[in-house]
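Take a look at the structure below.
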Amino acid sequence: MVAAAATLCACTFVAQPAFADGSDPAGVVRVSGGSALPAGCGLPEGDGYVLNPNTEVQPMVARDPKRPGHLVAVYQQDRWNRYGSNGAVTAVSADNGATWHPSAAQPAFSRCNGGTAANGGDYDVTTDHWVTVTPSGTAVAASFSLSRTGEVTAMLVSRSGDGGEHWDAPVTLQRDDDPEFFNDRPTVTADPYHPGVVYAVWDRVDTQSNGDWVQPVYLAKSTDDGRTWTTKKAYDFPANSGAIGTELVPMADGTLLIGMHQETNTTAATQVIRSTDGGATWSAPTLDVAAPFTVGTKIPDPDNSGDPVRNATLPLLAARPDSKVVNAVWQSQDADGTFHVAYARSTDDGKTWSSPVRVDKTPTGSAAVPAIAVSPAGTVAVTYYDFRKNTSAATLPTDFWAVTCSADCTKPASWRERHIEGSFDARTAPSTSSGRMIGDYTGLVSTGSAFVAVYGVTTGDTANPVDIHSATFYN
């Protein structure tokens with residue numbers, strides 16, 4: 001297949017000092033800077049829709065198992081205050097995140113990305129991007145693409161046979177034009193143990209005419225490195241319940257795990273389900289931890305300013321390669337309303353789990369948006385934002401942190417914290433109906449001897465309010 005979209009701007013997103021003073025702490029480099037989309041693309045503002053130009057948010061990153069040092073990242077470009085962004089941008093690194101450049105052509109996930117009715121990308125906005133790289137070195141990216149009002153929703157994937165430089169026309173996994181249905185939040189995962197096999201999972205809300213709703217898990221599978229796909233409903237729920245934030249992780253013995261945030265009208269939980277027959281059937285939850293909040297609950301505003309931080313963070317899994325060990329993190333909430341990072345571990349392919357423990361080291365206030373990765377040697381890293389340096393001023397100083405653990409990770413004392421970047425003012429992040437959006441997730445991968453995080457920060461520049469940065473750190 002040919003690339004779906006023409007080359008966009010000639011911007012260079014290469015390694016630069018991350019700060020105006022020229023400093024480059026902790027291996028931090030800039031991945032993005034200003035919009036990579038054609039000038040003037042996208043719908044006009046109005047009717048309550050406000051565009052945040054030159055903002056990049058919510059990145060994900062994947063490592064190429066075939067080419068050491070090769071990373072592919074994807075993030076939202078030019079975020080709206082409501083659903084999504086004008087486009088998606090992919091960037092590539094050939095040196096484990098030391099330098100980055102934009103892809104030569106972007107996946108056609110929206111009209112601003114070159115999407116048309118002919119190539120399958122004819123959508124107003126795009127959001128919730130994910131990326132994986134298969135054993136052959138093929139990159140596969142996923143998108144939630146939709147109309148601006150959300151009445152049309154679709155799950156798309158795009159394939160890059162050259163490791164993220166050029167992207168084929170997107171494949172539609174699911175599209176609904178009936179507003180009774182709402183597809184949401186895809187993730188895509190290459191099976192490292194079965195070359196050619198790639199999975200995508202998401203939830204599909206069905207708001208029924210009788211007032212009930214249900215939100216089952218859908219699964220699409222490719223056996224030819226992302227060229228063609230089959231889609232089915234994988235896991236259903238009773239009326240007035242369902243899942244959001246699904247992520248599938250393959251284990252070495254063929255077991256498949258899906259982590260998710262499950263909700264009813266009155267309860268919520270972090271859950272993991274497992275399949276031992278390639279996804280044909282799924283177990284009852286093996287990890288099932290009650291959550292005192294539902295997705296969309298805002299992170300408490302330390303200043304009570306009425307300008308809180310959005311919280312739509314969802315569970316994430318990281319399996320140690322060639323083992324039975326899998327790690328889980330999710331957003332927990334304390335009795336005082338603050339949020340923290342909960343961790344649990346399984347050593348038997350997800351059959352049983354350790355008791356959850358808090359692993360962030362935030363001394364006061366909330367820790368938000370955890371991400372997790374594990375090295376081949378078993379070292380676990382978790383990143384998060386927090387507001388420990390906040391003052392009573394109008395700004396909201398925010399810092400980005402990492403904790404690592406190489407043994408006894410079910411004990412909070414085994415985790416060691418280091419500062420990655422900050423402070424920056426989260427009150428200049430894009431405003432959404434659920435609060436300031438520093439991101440619902442960030443990217444984190446192991447490169448073997450180190451970890452590379454890809455995340456959003458505000459810049460203090462009103463003409464370029466939010467950039468994506470990359471940081472390399474060691475245990």
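Here's how to read the names in the structure tokens: chain A, B, ... by the order shown, residue numbers from 1 in each chain, ligand numbers from 1 in the order shown.
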Show me, as a ChimeraX atom specification, the residues that have an atom within 12 Å of stretch 224-232 of chain A when counting only C-alpha atoms, minus same-chain residues fewer than 6 positions from it.
/A:1,131-142,155-161,167-175,188-192,194-204,216-218,279-281
May I have the selected residues written with C-alpha atoms, as a PDB file, in the first residue's frame?
ATOM      1  CA  MET A   1       0.000   0.000   0.000  1.00  0.00           C
ATOM      2  CA  VAL A 131       1.698   2.659  19.007  1.00  0.00           C
ATOM      3  CA  THR A 132       3.488  -0.684  18.966  1.00  0.00           C
ATOM      4  CA  VAL A 133       6.330  -2.205  16.932  1.00  0.00           C
ATOM      5  CA  THR A 134       6.202  -5.829  15.801  1.00  0.00           C
ATOM      6  CA  PRO A 135       9.117  -8.308  15.749  1.00  0.00           C
ATOM      7  CA  SER A 136       9.603  -7.517  12.030  1.00  0.00           C
ATOM      8  CA  GLY A 137      10.135  -3.808  12.779  1.00  0.00           C
ATOM      9  CA  THR A 138       6.701  -2.774  11.488  1.00  0.00           C
ATOM     10  CA  ALA A 139       5.085   0.041  13.458  1.00  0.00           C
ATOM     11  CA  VAL A 140       1.321  -0.015  14.026  1.00  0.00           C
ATOM     12  CA  ALA A 141      -0.498   3.034  15.401  1.00  0.00           C
ATOM     13  CA  ALA A 142      -4.101   3.249  16.616  1.00  0.00           C
ATOM     14  CA  MET A 155     -11.315   2.865  15.736  1.00  0.00           C
ATOM     15  CA  LEU A 156      -8.530   3.093  13.138  1.00  0.00           C
ATOM     16  CA  VAL A 157      -5.098   1.532  12.782  1.00  0.00           C
ATOM     17  CA  SER A 158      -2.303   2.461  10.406  1.00  0.00           C
ATOM     18  CA  ARG A 159       0.754   0.424   9.495  1.00  0.00           C
ATOM     19  CA  SER A 160       4.295   1.602   8.761  1.00  0.00           C
ATOM     20  CA  GLY A 161       6.583  -0.903   7.092  1.00  0.00           C
ATOM     21  CA  TRP A 167       2.198   5.172   7.032  1.00  0.00           C
ATOM     22  CA  ASP A 168      -0.298   3.174   4.993  1.00  0.00           C
ATOM     23  CA  ALA A 169      -3.916   4.242   4.633  1.00  0.00           C
ATOM     24  CA  PRO A 170      -5.771   3.474   7.860  1.00  0.00           C
ATOM     25  CA  VAL A 171      -7.823   0.330   8.370  1.00  0.00           C
ATOM     26  CA  THR A 172     -11.190   0.776  10.087  1.00  0.00           C
ATOM     27  CA  LEU A 173     -11.658  -1.728  12.913  1.00  0.00           C
ATOM     28  CA  GLN A 174     -15.045  -0.350  13.982  1.00  0.00           C
ATOM     29  CA  ARG A 175     -17.147   2.636  12.926  1.00  0.00           C
ATOM     30  CA  VAL A 188      -2.591  -1.724  20.153  1.00  0.00           C
ATOM     31  CA  THR A 189      -0.032  -4.394  21.078  1.00  0.00           C
ATOM     32  CA  ALA A 190       2.284  -6.555  18.979  1.00  0.00           C
ATOM     33  CA  ASP A 191       2.744 -10.105  20.278  1.00  0.00           C
ATOM     34  CA  PRO A 192       6.522 -10.456  20.814  1.00  0.00           C
ATOM     35  CA  HIS A 194       4.178 -14.774  17.748  1.00  0.00           C
ATOM     36  CA  PRO A 195       5.570 -12.733  14.828  1.00  0.00           C
ATOM     37  CA  GLY A 196       2.854 -11.154  12.727  1.00  0.00           C
ATOM     38  CA  VAL A 197       0.218 -11.171  15.465  1.00  0.00           C
ATOM     39  CA  VAL A 198      -1.064  -7.771  16.622  1.00  0.00           C
ATOM     40  CA  TYR A 199      -4.006  -7.012  18.920  1.00  0.00           C
ATOM     41  CA  ALA A 200      -6.125  -3.897  19.386  1.00  0.00           C
ATOM     42  CA  VAL A 201      -8.665  -3.498  22.187  1.00  0.00           C
ATOM     43  CA  TRP A 202     -11.144  -0.739  23.080  1.00  0.00           C
ATOM     44  CA  ASP A 203     -14.555  -0.221  24.662  1.00  0.00           C
ATOM     45  CA  ARG A 204     -17.825   0.484  22.821  1.00  0.00           C
ATOM     46  CA  PRO A 216     -18.212  -4.155  26.449  1.00  0.00           C
ATOM     47  CA  VAL A 217     -14.609  -4.774  25.409  1.00  0.00           C
ATOM     48  CA  TYR A 218     -13.938  -5.207  21.688  1.00  0.00           C
ATOM     49  CA  GLY A 279      -8.669 -14.431  23.174  1.00  0.00           C
ATOM     50  CA  ALA A 280     -11.598 -16.725  22.367  1.00  0.00           C
ATOM     51  CA  THR A 281     -12.755 -16.736  26.011  1.00  0.00           C
TER      52      THR A 281
END
Would you mind listing what lies within 12 Å of A:Val72 as an NGL selection string, with only C-alpha atoms counted and same-chain residues fewer than 4 positions away left out?
:A and (31 or 59-65 or 67 or 89-97 or 99-103 or 130-134 or 137-141 or 160 or 162-166 or 443-445 or 452-454 or 470)
Would you save the residues of that selection, restricted to C-alpha atoms, as a PDB file, in the first residue's frame?
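Result went into out_13.pdb, see below:
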ATOM      1  CA  VAL A  31      10.441  15.878  20.774  1.00  0.00           C
ATOM      2  CA  PRO A  59       2.098  10.778  23.924  1.00  0.00           C
ATOM      3  CA  MET A  60       2.795   7.071  23.630  1.00  0.00           C
ATOM      4  CA  VAL A  61       6.099   5.443  22.670  1.00  0.00           C
ATOM      5  CA  ALA A  62       7.189   1.991  21.495  1.00  0.00           C
ATOM      6  CA  ARG A  63      10.588   0.327  21.050  1.00  0.00           C
ATOM      7  CA  ASP A  64      11.552  -1.598  17.948  1.00  0.00           C
ATOM      8  CA  PRO A  65      12.629  -5.154  18.910  1.00  0.00           C
ATOM      9  CA  ARG A  67      16.594  -2.415  15.579  1.00  0.00           C
ATOM     10  CA  VAL A  89       1.895  13.308  14.891  1.00  0.00           C
ATOM     11  CA  THR A  90       4.406  10.467  14.892  1.00  0.00           C
ATOM     12  CA  ALA A  91       8.106  11.022  15.580  1.00  0.00           C
ATOM     13  CA  VAL A  92      11.057   8.651  15.298  1.00  0.00           C
ATOM     14  CA  SER A  93      14.330   8.265  17.168  1.00  0.00           C
ATOM     15  CA  ALA A  94      17.249   6.120  15.993  1.00  0.00           C
ATOM     16  CA  ASP A  95      19.376   6.618  19.139  1.00  0.00           C
ATOM     17  CA  ASN A  96      17.214   5.589  22.111  1.00  0.00           C
ATOM     18  CA  GLY A  97      15.586   9.002  22.414  1.00  0.00           C
ATOM     19  CA  THR A  99      17.366  12.845  19.070  1.00  0.00           C
ATOM     20  CA  TRP A 100      13.958  12.825  17.367  1.00  0.00           C
ATOM     21  CA  HIS A 101      12.536  13.831  14.018  1.00  0.00           C
ATOM     22  CA  PRO A 102       8.958  13.898  12.689  1.00  0.00           C
ATOM     23  CA  SER A 103       7.884  11.112  10.383  1.00  0.00           C
ATOM     24  CA  TRP A 130      -1.239   4.279  20.774  1.00  0.00           C
ATOM     25  CA  VAL A 131       1.698   2.659  19.007  1.00  0.00           C
ATOM     26  CA  THR A 132       3.488  -0.684  18.966  1.00  0.00           C
ATOM     27  CA  VAL A 133       6.330  -2.205  16.932  1.00  0.00           C
ATOM     28  CA  THR A 134       6.202  -5.829  15.801  1.00  0.00           C
ATOM     29  CA  GLY A 137      10.135  -3.808  12.779  1.00  0.00           C
ATOM     30  CA  THR A 138       6.701  -2.774  11.488  1.00  0.00           C
ATOM     31  CA  ALA A 139       5.085   0.041  13.458  1.00  0.00           C
ATOM     32  CA  VAL A 140       1.321  -0.015  14.026  1.00  0.00           C
ATOM     33  CA  ALA A 141      -0.498   3.034  15.401  1.00  0.00           C
ATOM     34  CA  SER A 160       4.295   1.602   8.761  1.00  0.00           C
ATOM     35  CA  ASP A 162       9.610   1.389   7.496  1.00  0.00           C
ATOM     36  CA  GLY A 163       9.449   1.826  11.258  1.00  0.00           C
ATOM     37  CA  GLY A 164       7.317   4.941  11.490  1.00  0.00           C
ATOM     38  CA  GLU A 165       8.591   7.104   8.636  1.00  0.00           C
ATOM     39  CA  HIS A 166       5.654   6.537   6.244  1.00  0.00           C
ATOM     40  CA  GLY A 443       4.886   6.941  27.186  1.00  0.00           C
ATOM     41  CA  LEU A 444       7.551   4.840  28.912  1.00  0.00           C
ATOM     42  CA  VAL A 445       9.768   2.052  27.546  1.00  0.00           C
ATOM     43  CA  VAL A 452      12.953   6.453  28.072  1.00  0.00           C
ATOM     44  CA  ALA A 453       9.922   8.514  29.085  1.00  0.00           C
ATOM     45  CA  VAL A 454       7.946  10.638  26.617  1.00  0.00           C
ATOM     46  CA  SER A 470      11.772  12.830  26.148  1.00  0.00           C
TER      47      SER A 470
END
Using Å and a single decimal, report how far atom CA of A:Thr149 sits from atom CA of A:Asn52.
17.2 Å
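We find atom CA of A:Asn86 and atom CA of A:Arg436 to be spaced 18.0 Å apart.
Residues with any atom within 6 Å of A:Pro53, counting only C-alpha atoms and excluding same-chain neighbours fewer than 2 positions away, are Leu51, Thr55 and Asp78 of chain A.
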Just give me the gap between atom CA of A:Ile420 and atom CA of A:Ala368 in Å, one decimal is fine.
14.6 Å
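In terms of minimum interatomic distance to A:Arg416, A:Lys361 ranks closest within A:Arg388, A:Arg82, A:Lys221, A:Lys361, counting only C-alpha atoms.
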Which residue is closest to A:Asp334? Choose from A:Ser406, A:Ser434, A:Ser32, A:Ser366 and count only C-alpha atoms.
A:Ser366
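When only C-alpha atoms are used to measure the gap to A:Arg111, the shortest distance among A:Ala239, A:Cys41, A:Ala98, A:Ala154 belongs to A:Cys41.
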Compare A:Asn475, A:Ser355, A:Thr462, A:Thr347 by their minimum atom-to-atom distance to A:Val403, counting only C-alpha atoms, and give me the closest one.
A:Asn475
Of the candidates A:Gly365, A:Pro412, A:Pro356, A:Gly439, which shows the shortest atom-to-atom distance to A:Phe339, using only C-alpha atoms?
A:Gly365
Could you please write out, as a ChimeraX atom specification, every residue of stretch 96-265 of chain A that DSSP assigns to strand (DSSP E or B)?
/A:101-102,125-133,139-146,153-160,168,171-176,181-190,198-207,213-215,217-222,230-235,241-250,256-264
Set the distance at 10 Å and use only C-alpha atoms: which residues neighbour A:Ser433 once local chain neighbours fewer than 6 positions away are removed? I'd like the list as JSON, numbers by chain.
{"A": [81, 82, 83, 296, 310]}
Option closest in space to A:Gln271, from A:Phe473, A:Tyr75, A:Trp353, A:Phe400 [counting only C-alpha atoms]
A:Trp353
Write out as a count of residues only which residues come within 10 Å of A:Glu180 when counting only C-alpha atoms, dropping same-chain ones fewer than 6 positions away.
8
